>>> print(open('final-v2.cif').read())   # mmCIF, C-alpha atoms
data_data
loop_
_atom_site.group_PDB
_atom_site.id
_atom_site.type_symbol
_atom_site.label_atom_id
_atom_site.label_comp_id
_atom_site.auth_asym_id
_atom_site.auth_seq_id
_atom_site.Cartn_x
_atom_site.Cartn_y
_atom_site.Cartn_z
ATOM 1 C CA MET L 20 36.978 -24.325 139.905
ATOM 2 C CA ILE L 21 35.245 -22.605 142.738
ATOM 3 C CA ARG L 22 38.341 -22.870 144.755
ATOM 4 C CA ARG L 23 40.326 -21.133 142.074
ATOM 5 C CA LEU L 24 37.800 -18.321 141.954
ATOM 6 C CA PHE L 25 37.913 -17.967 145.694
ATOM 7 C CA LEU L 26 41.687 -17.832 145.642
ATOM 8 C CA LEU L 27 41.649 -15.325 142.789
ATOM 9 C CA LEU L 28 39.236 -13.192 144.711
ATOM 10 C CA ALA L 29 41.329 -13.387 147.822
ATOM 11 C CA LEU L 30 44.393 -12.432 145.789
ATOM 12 C CA LEU L 31 42.662 -9.401 144.335
ATOM 13 C CA VAL L 32 41.588 -8.282 147.783
ATOM 14 C CA ALA L 33 45.099 -8.687 149.072
ATOM 15 C CA LEU L 34 46.524 -6.761 146.135
ATOM 16 C CA GLY L 35 43.990 -3.932 146.637
ATOM 17 C CA PHE L 36 44.793 -3.711 150.320
ATOM 18 C CA GLY L 37 48.481 -3.631 149.670
ATOM 19 C CA ALA L 38 48.160 -0.983 147.006
ATOM 20 C CA GLY L 39 46.155 1.165 149.430
ATOM 21 C CA VAL L 40 48.787 0.816 152.113
ATOM 22 C CA TYR L 41 51.566 1.653 149.659
ATOM 23 C CA VAL L 42 49.774 4.727 148.408
ATOM 24 C CA GLY L 43 49.140 5.861 151.982
ATOM 25 C CA LEU L 44 52.804 5.546 152.865
ATOM 26 C CA ILE L 45 53.914 7.470 149.820
ATOM 27 C CA LYS L 46 51.385 10.291 150.575
ATOM 28 C CA THR L 47 52.540 10.486 154.158
ATOM 29 C CA LYS L 48 56.197 10.860 153.135
ATOM 30 C CA TRP L 49 55.265 13.511 150.596
ATOM 31 C CA LEU L 50 53.256 15.474 153.051
ATOM 32 C CA ALA L 51 56.073 15.179 155.583
ATOM 33 C CA GLY L 52 58.495 16.789 153.166
ATOM 34 C CA LEU L 53 56.339 19.835 152.668
ATOM 35 C CA PRO L 54 57.085 22.940 154.812
ATOM 36 C CA GLU L 55 54.621 23.595 157.559
ATOM 37 C CA PRO L 56 52.127 26.227 156.559
ATOM 38 C CA ALA L 57 52.732 29.607 158.182
ATOM 39 C CA VAL L 58 50.263 30.417 160.854
ATOM 40 C CA VAL L 59 48.780 33.839 160.185
ATOM 41 C CA LYS L 60 48.071 35.489 163.432
ATOM 42 C CA LYS L 61 45.194 37.847 163.278
ATOM 43 C CA ALA L 62 45.950 41.277 164.712
ATOM 44 C CA PRO L 63 43.740 42.133 167.596
ATOM 45 C CA PRO L 64 41.057 44.633 166.638
ATOM 46 C CA ALA L 65 42.101 48.210 167.129
ATOM 47 C CA PRO L 66 40.431 49.729 170.126
ATOM 48 C CA ALA L 67 37.553 52.016 169.245
ATOM 49 C CA PRO L 68 38.471 55.690 169.584
ATOM 50 C CA ARG L 69 37.328 57.120 172.787
ATOM 51 C CA ALA L 70 34.521 59.634 172.394
ATOM 52 C CA THR L 71 35.653 63.018 173.433
ATOM 53 C CA PRO L 72 33.298 64.038 176.193
ATOM 54 C CA GLU L 73 31.283 67.149 175.327
ATOM 55 C CA VAL L 74 32.376 70.019 177.450
ATOM 56 C CA LYS L 75 29.362 71.971 178.527
ATOM 57 C CA ARG L 76 29.855 75.658 179.134
ATOM 58 C CA VAL L 77 28.698 76.441 182.566
ATOM 59 C CA GLU L 78 27.317 79.946 182.786
ATOM 60 C CA PRO L 79 28.216 81.750 185.951
ATOM 61 C CA ALA L 80 25.354 81.669 188.354
ATOM 62 C CA VAL L 81 23.416 84.938 188.388
ATOM 63 C CA PRO L 82 22.313 85.896 191.828
ATOM 64 C CA PRO L 83 18.533 86.306 192.066
ATOM 65 C CA PRO L 84 17.290 89.908 192.060
ATOM 66 C CA ALA L 85 16.946 91.451 195.403
ATOM 67 C CA VAL L 86 13.416 91.322 196.622
ATOM 68 C CA GLU L 87 12.176 94.740 197.640
ATOM 69 C CA ARG L 88 10.391 94.486 200.865
ATOM 70 C CA ARG L 89 7.365 96.706 200.974
ATOM 71 C CA ALA L 90 5.470 97.652 203.977
ATOM 72 C CA PRO L 91 2.115 95.888 204.058
ATOM 73 C CA ARG L 92 -0.709 98.003 202.739
ATOM 74 C CA PRO L 93 -3.151 99.135 205.321
ATOM 75 C CA ALA L 94 -6.488 97.455 205.111
ATOM 76 C CA PRO L 95 -9.060 99.631 203.299
ATOM 77 C CA ALA L 96 -11.341 101.468 205.571
ATOM 78 C CA LYS L 97 -14.698 99.909 205.827
ATOM 79 C CA VAL L 98 -17.256 102.101 204.124
ATOM 80 C CA GLU L 99 -20.589 101.947 205.717
ATOM 81 C CA PRO L 100 -23.441 102.031 203.178
ATOM 82 C CA ALA L 101 -25.377 105.254 203.173
ATOM 83 C CA PRO L 102 -28.697 104.858 204.874
ATOM 84 C CA VAL L 103 -31.548 104.592 202.437
ATOM 85 C CA ALA L 104 -33.922 107.459 202.855
ATOM 86 C CA SER L 105 -37.422 106.431 203.608
ATOM 87 C CA ALA L 106 -40.270 107.502 201.363
ATOM 88 C CA ALA L 107 -41.475 109.876 204.063
ATOM 89 C CA ALA L 108 -38.088 111.675 204.219
ATOM 90 C CA VAL L 109 -37.802 112.573 200.507
ATOM 91 C CA GLY L 110 -39.833 114.366 197.921
ATOM 92 C CA LEU L 111 -40.594 113.985 194.217
ATOM 93 C CA LEU L 112 -40.489 117.169 192.137
ATOM 94 C CA THR L 113 -41.877 117.343 188.591
ATOM 95 C CA ILE L 114 -40.650 120.424 186.711
ATOM 96 C CA GLN L 115 -42.411 121.666 183.575
ATOM 97 C CA SER L 116 -41.850 124.701 181.371
ATOM 98 C CA ASP L 117 -43.754 126.572 178.677
ATOM 99 C CA VAL L 118 -40.597 126.145 176.550
ATOM 100 C CA PRO L 119 -40.107 122.398 175.844
ATOM 101 C CA GLY L 120 -36.539 121.240 176.335
ATOM 102 C CA ALA L 121 -35.593 123.994 178.780
ATOM 103 C CA GLN L 122 -32.554 123.060 180.886
ATOM 104 C CA VAL L 123 -33.307 122.345 184.537
ATOM 105 C CA PHE L 124 -30.805 122.612 187.390
ATOM 106 C CA ILE L 125 -31.404 121.927 191.071
ATOM 107 C CA ASP L 126 -28.800 123.249 193.485
ATOM 108 C CA ARG L 127 -26.467 123.805 190.483
ATOM 109 C CA GLN L 128 -26.745 120.156 189.440
ATOM 110 C CA PHE L 129 -28.138 119.410 185.985
ATOM 111 C CA VAL L 130 -31.325 117.351 186.229
ATOM 112 C CA GLY L 131 -32.492 117.186 182.614
ATOM 113 C CA ALA L 132 -34.655 118.856 179.987
ATOM 114 C CA ALA L 133 -38.185 119.895 180.898
ATOM 115 C CA PRO L 134 -40.459 118.184 181.549
ATOM 116 C CA VAL L 135 -38.337 116.253 184.020
ATOM 117 C CA LYS L 136 -38.766 114.509 187.379
ATOM 118 C CA ALA L 137 -36.337 114.854 190.275
ATOM 119 C CA HIS L 138 -36.575 111.796 192.508
ATOM 120 C CA GLU L 139 -35.674 111.482 196.179
ATOM 121 C CA LEU L 140 -35.024 115.133 196.896
ATOM 122 C CA THR L 141 -34.150 115.777 200.491
ATOM 123 C CA LEU L 142 -36.685 117.778 202.389
ATOM 124 C CA GLY L 143 -36.101 121.468 202.832
ATOM 125 C CA SER L 144 -35.011 124.393 200.695
ATOM 126 C CA HIS L 145 -33.695 123.905 197.142
ATOM 127 C CA LYS L 146 -32.841 126.338 194.367
ATOM 128 C CA VAL L 147 -34.263 125.612 190.912
ATOM 129 C CA ASN L 148 -32.825 127.249 187.773
ATOM 130 C CA VAL L 149 -34.457 126.899 184.352
ATOM 131 C CA SER L 150 -33.108 128.414 181.138
ATOM 132 C CA ALA L 151 -33.537 128.205 177.372
ATOM 133 C CA PRO L 152 -31.904 129.993 174.407
ATOM 134 C CA GLY L 153 -33.612 133.303 173.626
ATOM 135 C CA PHE L 154 -35.277 133.605 177.022
ATOM 136 C CA GLU L 155 -34.344 135.015 180.378
ATOM 137 C CA GLY L 156 -33.385 132.364 182.908
ATOM 138 C CA VAL L 157 -35.667 131.865 185.883
ATOM 139 C CA ALA L 158 -34.451 131.030 189.376
ATOM 140 C CA GLU L 159 -36.793 130.018 192.180
ATOM 141 C CA THR L 160 -36.233 128.797 195.721
ATOM 142 C CA ILE L 161 -38.714 126.148 196.789
ATOM 143 C CA ASP L 162 -39.349 124.069 199.887
ATOM 144 C CA VAL L 163 -39.538 120.332 199.226
ATOM 145 C CA GLU L 164 -42.015 118.427 201.375
ATOM 146 C CA PRO L 165 -42.748 114.695 201.561
ATOM 147 C CA GLY L 166 -44.571 113.371 198.525
ATOM 148 C CA PRO L 167 -44.913 114.534 194.918
ATOM 149 C CA ARG L 168 -45.064 118.157 193.808
ATOM 150 C CA GLU L 169 -45.340 119.895 190.418
ATOM 151 C CA LEU L 170 -43.588 123.124 189.462
ATOM 152 C CA THR L 171 -44.229 125.021 186.217
ATOM 153 C CA ILE L 172 -41.688 127.599 185.078
ATOM 154 C CA LYS L 173 -42.893 130.087 182.484
ATOM 155 C CA LEU L 174 -39.951 131.341 180.491
ATOM 156 C CA ARG L 175 -42.109 133.118 177.932
ATOM 157 C CA GLU L 176 -43.427 135.496 180.555
ATOM 158 C CA VAL L 177 -41.626 138.831 180.576
ATOM 159 C CA ARG L 178 -40.017 139.449 183.944
ATOM 160 C CA LEU L 179 -38.653 142.831 184.918
ATOM 161 C CA ASP L 180 -37.854 144.233 188.335
ATOM 162 C CA ALA L 181 -35.451 147.163 187.973
ATOM 163 C CA GLU L 182 -34.941 150.164 190.238
ATOM 164 C CA ILE L 183 -32.441 152.992 190.197
ATOM 165 C CA ASP L 184 -31.951 156.259 192.109
ATOM 166 C CA VAL L 185 -31.815 159.263 189.771
ATOM 167 C CA ILE L 186 -31.669 163.011 189.574
ATOM 168 C CA HIS L 187 -34.054 164.733 187.191
ATOM 169 C CA LYS L 188 -32.681 167.953 185.745
ATOM 170 C CA HIS L 189 -35.252 170.703 185.207
ATOM 171 C CA ARG L 190 -34.875 173.806 183.234
ATOM 172 C CA MET L 191 -34.676 175.485 186.580
ATOM 173 C CA GLY L 192 -32.960 173.256 189.134
ATOM 174 C CA SER L 193 -33.438 169.509 189.663
ATOM 175 C CA CYS L 194 -35.208 166.936 191.839
ATOM 176 C CA THR L 195 -34.237 163.518 193.138
ATOM 177 C CA GLY L 196 -36.339 160.426 192.891
ATOM 178 C CA ARG L 197 -36.403 156.756 191.924
ATOM 179 C CA LEU L 198 -37.160 155.060 188.598
ATOM 180 C CA VAL L 199 -39.003 151.740 188.924
ATOM 181 C CA ALA L 200 -39.623 149.425 185.929
ATOM 182 C CA THR L 201 -41.826 146.288 185.804
ATOM 183 C CA PRO L 202 -43.548 144.464 182.928
ATOM 184 C CA GLN L 203 -46.633 146.558 183.702
ATOM 185 C CA GLY L 204 -44.793 149.851 183.077
ATOM 186 C CA MET L 205 -42.362 152.442 184.419
ATOM 187 C CA ARG L 206 -42.918 155.063 187.077
ATOM 188 C CA TYR L 207 -40.950 157.913 188.512
ATOM 189 C CA GLU L 208 -41.319 158.286 192.273
ATOM 190 C CA THR L 209 -40.431 161.747 193.592
ATOM 191 C CA GLN L 210 -41.654 164.338 196.028
ATOM 192 C CA ASP L 211 -42.248 166.770 193.183
ATOM 193 C CA SER L 212 -45.782 165.897 192.133
ATOM 194 C CA SER L 213 -45.430 167.741 188.822
ATOM 195 C CA ASP L 214 -42.671 165.366 187.676
ATOM 196 C CA ARG L 215 -44.229 162.070 188.701
ATOM 197 C CA PHE L 216 -45.395 159.702 185.990
ATOM 198 C CA ASP L 217 -46.565 156.101 185.623
ATOM 199 C CA VAL L 218 -46.831 154.811 182.031
ATOM 200 C CA ALA L 219 -46.750 151.479 180.169
ATOM 201 C CA LEU L 220 -43.473 150.331 178.639
ATOM 202 C CA GLY L 221 -44.950 150.752 175.198
ATOM 203 C CA ASP L 222 -45.793 154.434 175.791
ATOM 204 C CA PHE L 223 -42.245 155.702 175.228
ATOM 205 C CA GLU L 224 -41.216 157.474 172.096
ATOM 206 C CA ALA L 225 -37.573 157.361 173.130
ATOM 207 C CA LEU L 226 -35.486 155.730 175.815
ATOM 208 C CA GLU L 227 -31.781 156.387 175.308
ATOM 209 C CA VAL L 228 -28.659 156.271 177.434
ATOM 210 C CA ASP L 229 -25.532 158.347 176.821
ATOM 211 C CA TYR L 230 -22.665 156.612 178.546
ATOM 212 C CA LEU L 231 -20.210 159.467 178.080
ATOM 213 C CA LYS L 232 -22.609 162.151 179.299
ATOM 214 C CA LYS L 233 -23.834 159.762 182.014
ATOM 215 C CA ASN L 234 -27.519 160.483 181.472
ATOM 216 C CA LEU L 235 -30.694 158.636 180.554
ATOM 217 C CA LYS L 236 -33.188 160.420 178.340
ATOM 218 C CA LEU L 237 -36.850 159.349 178.295
ATOM 219 C CA LYS L 238 -39.631 160.855 176.160
ATOM 220 C CA ILE L 239 -43.265 159.922 176.766
ATOM 221 C CA LYS L 240 -45.614 159.773 173.810
ATOM 222 C CA LYS L 241 -47.332 163.124 173.481
ATOM 223 C CA GLY L 242 -45.715 164.095 176.753
ATOM 224 C CA ARG L 243 -42.645 165.439 178.408
ATOM 225 C CA THR L 244 -38.983 164.609 178.018
ATOM 226 C CA PHE L 245 -37.005 163.647 181.122
ATOM 227 C CA ASP L 246 -33.270 163.804 181.553
ATOM 228 C CA PHE L 247 -32.010 161.548 184.380
ATOM 229 C CA SER L 248 -28.524 161.113 185.821
ATOM 230 C CA ASP L 249 -27.020 158.936 188.554
ATOM 231 C CA PRO L 250 -26.496 160.715 191.926
ATOM 232 C CA ALA L 251 -23.024 159.136 192.245
ATOM 233 C CA GLY L 252 -22.117 159.932 188.648
ATOM 234 C CA ASN L 253 -21.944 156.211 187.797
ATOM 235 C CA ALA L 254 -23.035 155.557 184.209
ATOM 236 C CA ASP L 255 -23.012 151.773 184.750
ATOM 237 C CA HIS L 256 -26.238 151.891 186.780
ATOM 238 C CA LEU L 257 -27.976 153.846 184.024
ATOM 239 C CA PHE L 258 -26.684 151.464 181.357
ATOM 240 C CA VAL L 259 -27.910 148.294 183.115
ATOM 241 C CA PHE L 260 -31.323 149.819 183.839
ATOM 242 C CA HIS L 261 -31.709 150.898 180.216
ATOM 243 C CA ARG L 262 -30.633 147.467 178.898
ATOM 244 C CA ASP L 263 -33.146 145.548 181.047
ATOM 245 C CA VAL L 264 -36.040 147.864 180.216
ATOM 246 C CA VAL L 265 -35.385 147.795 176.450
ATOM 247 C CA LYS L 266 -35.125 143.995 176.401
ATOM 248 C CA ALA L 267 -38.400 143.554 178.275
ATOM 249 C CA ARG L 268 -40.111 146.166 176.108
ATOM 250 C CA GLU L 269 -39.077 144.345 172.903
ATOM 251 C CA ARG L 270 -40.447 141.019 174.154
ATOM 252 C CA LEU L 271 -43.747 142.588 175.167
ATOM 253 C CA LEU L 272 -44.096 144.113 171.710
ATOM 254 C CA LYS L 273 -43.547 140.606 170.213
ATOM 255 C CA GLY L 274 -46.512 139.300 172.182
ATOM 256 C CA ASP L 275 -44.881 137.549 175.156
ATOM 257 C CA PRO L 276 -47.165 137.922 178.187
ATOM 258 C CA PRO L 277 -46.018 139.954 181.195
ATOM 259 C CA ALA L 278 -45.333 138.082 184.388
ATOM 260 C CA THR L 279 -47.908 138.655 187.088
ATOM 261 C CA PRO L 280 -46.660 140.888 189.906
#
>>> encode(input="final-v2.cif", output="structure tokens")
Amino acid sequence: MIRRLFLLLALLVALGFGAGVYVGLIKTKWLAGLPEPAVVKKAPPAPAPRATPEVKRVEPAVPPPAVERRAPRPAPAKVEPAPVASAAAVGLLTIQSDVPGAQVFIDRQFVGAAPVKAHELTLGSHKVNVSAPGFEGVAETIDVEPGPRELTIKLREVRLDAEIDVIHKHRMGSCTGRLVATPQGMRYETQDSSDRFDVALGDFEALEVDYLKKNLKLKIKKGRTFDFSDPAGNADHLFVFHRDVVKARERLLKGDPPATP
């Protein structure tokens, strides 16, 4: 029994092997009869397009501007510092005025409004001018010495120093002389003693100038009348004399003190 089974098993194995061989042969013949598959050749990749090189525009070279050659500047002259004046070689001037705020000038240079101090004035002669609106300007020449000094300018004082040569016409003839006016009064200097006079500026009843007639008429209070003319026939001298006397007379009548002679 076992033998039969073994044989049967062997037969089945043989049959299976044979069937496998048969099937393999048939498949081989079938495959051999088929046409060979076409080989598809892949086309080589197209070359990448070449990048067009960017053409740069080259500007024409501009020649550099011509360099102007300048002559070297001369070295500045060496300025020596001004020597500092010693305290013994200068003066200090303090200028005051009876009119506050009066303008002060020294040698035509404005210094300031009074009262003012002028420092380090060189020694020697200097001209001082002081003025204020409504008053006659005052000019004085002073000598500056080492050390401090005070100067008081009185603008309110009436100053008058006028002189003029004249001819006095009489009823009968004439005489020559000189009219002199100061804050203290007016006098007529002449060789004719009967025509001389010396009176205060306030003692006139009339003091008039006629430019066309070229004469100066003066009438003393409760006194005589004088008719003066210029020896050269110049009315300008009479006009200026009259103007200065009238101006001083008006200030004296307002109460301004006369300057001391």
>>> closest_residue(input="final-v2.cif", among="L:Ile239, L:Ala267, L:Met191, L:Val259", to="Phe154 in chain L", atoms="all atoms listed in the file")
L:Ala267
>>> closest_residue(input="final-v2.cif", among="L:Phe124, L:Phe129, L:Phe258, L:Phe216", to="Lys238 in chain L", atoms="all atoms listed in the file")
L:Phe216
>>> atom_distance(input="final-v2.cif", atom1="CA of Asp126 in chain L", atom2="CA of Arg175 in chain L")
22.7 Å
>>> resolve_selection(input="final-v2.cif", expression="the PyMOL selection byres ((chain L and resi 149) around 6)", output="number ranges by chain")
L: 122-123, 148, 150, 156-157
>>> resolve_selection(input="final-v2.cif", expression="the PyMOL selection byres ((chain L and resi 217) around 6)", output="ChimeraX atom specification")
/L:205-206,216,218
>>> atom_distance(input="final-v2.cif", atom1="CA of Pro276 in chain L", atom2="CA of Ala151 in chain L")
16.8 Å
>>> atom_distance(input="final-v2.cif", atom1="CA of Val118 in chain L", atom2="CA of Val135 in chain L")
12.6 Å
>>> closest_residue(input="final-v2.cif", among="L:Asp255, L:Asp229, L:Glu139, L:Glu269", to="Glu164 in chain L", atoms="all atoms listed in the file")
L:Glu139
>>> axis_aligned_box(input="final-v2.cif", around="range 220-238 of chain L", padding_each_side="6 Å", output="lines of an AutoDock Vina configuration file")
center_x = -33.0
center_y = 156.2
center_z = 177.1
size_x = 37.6
size_y = 23.8
size_z = 21.9
>>> residues_around(input="final-v2.cif", residues="Ile125 in chain L", least_positions_apart="5", cutoff="9 Å", atoms="only C-alpha atoms", output="NGL selection string")
:L and (130 or 137 or 145-149)
>>> residues_around(input="final-v2.cif", residues="Ile183 in chain L", least_positions_apart="2", cutoff="9 Å", atoms="only C-alpha atoms", output="ChimeraX atom specification")
/L:181,185,196-199,249,256-257,260
>>> closest_residue(input="final-v2.cif", among="L:Leu179, L:Leu170, L:Leu235, L:Ala132", to="Leu271 in chain L", atoms="all atoms listed in the file")
L:Leu179
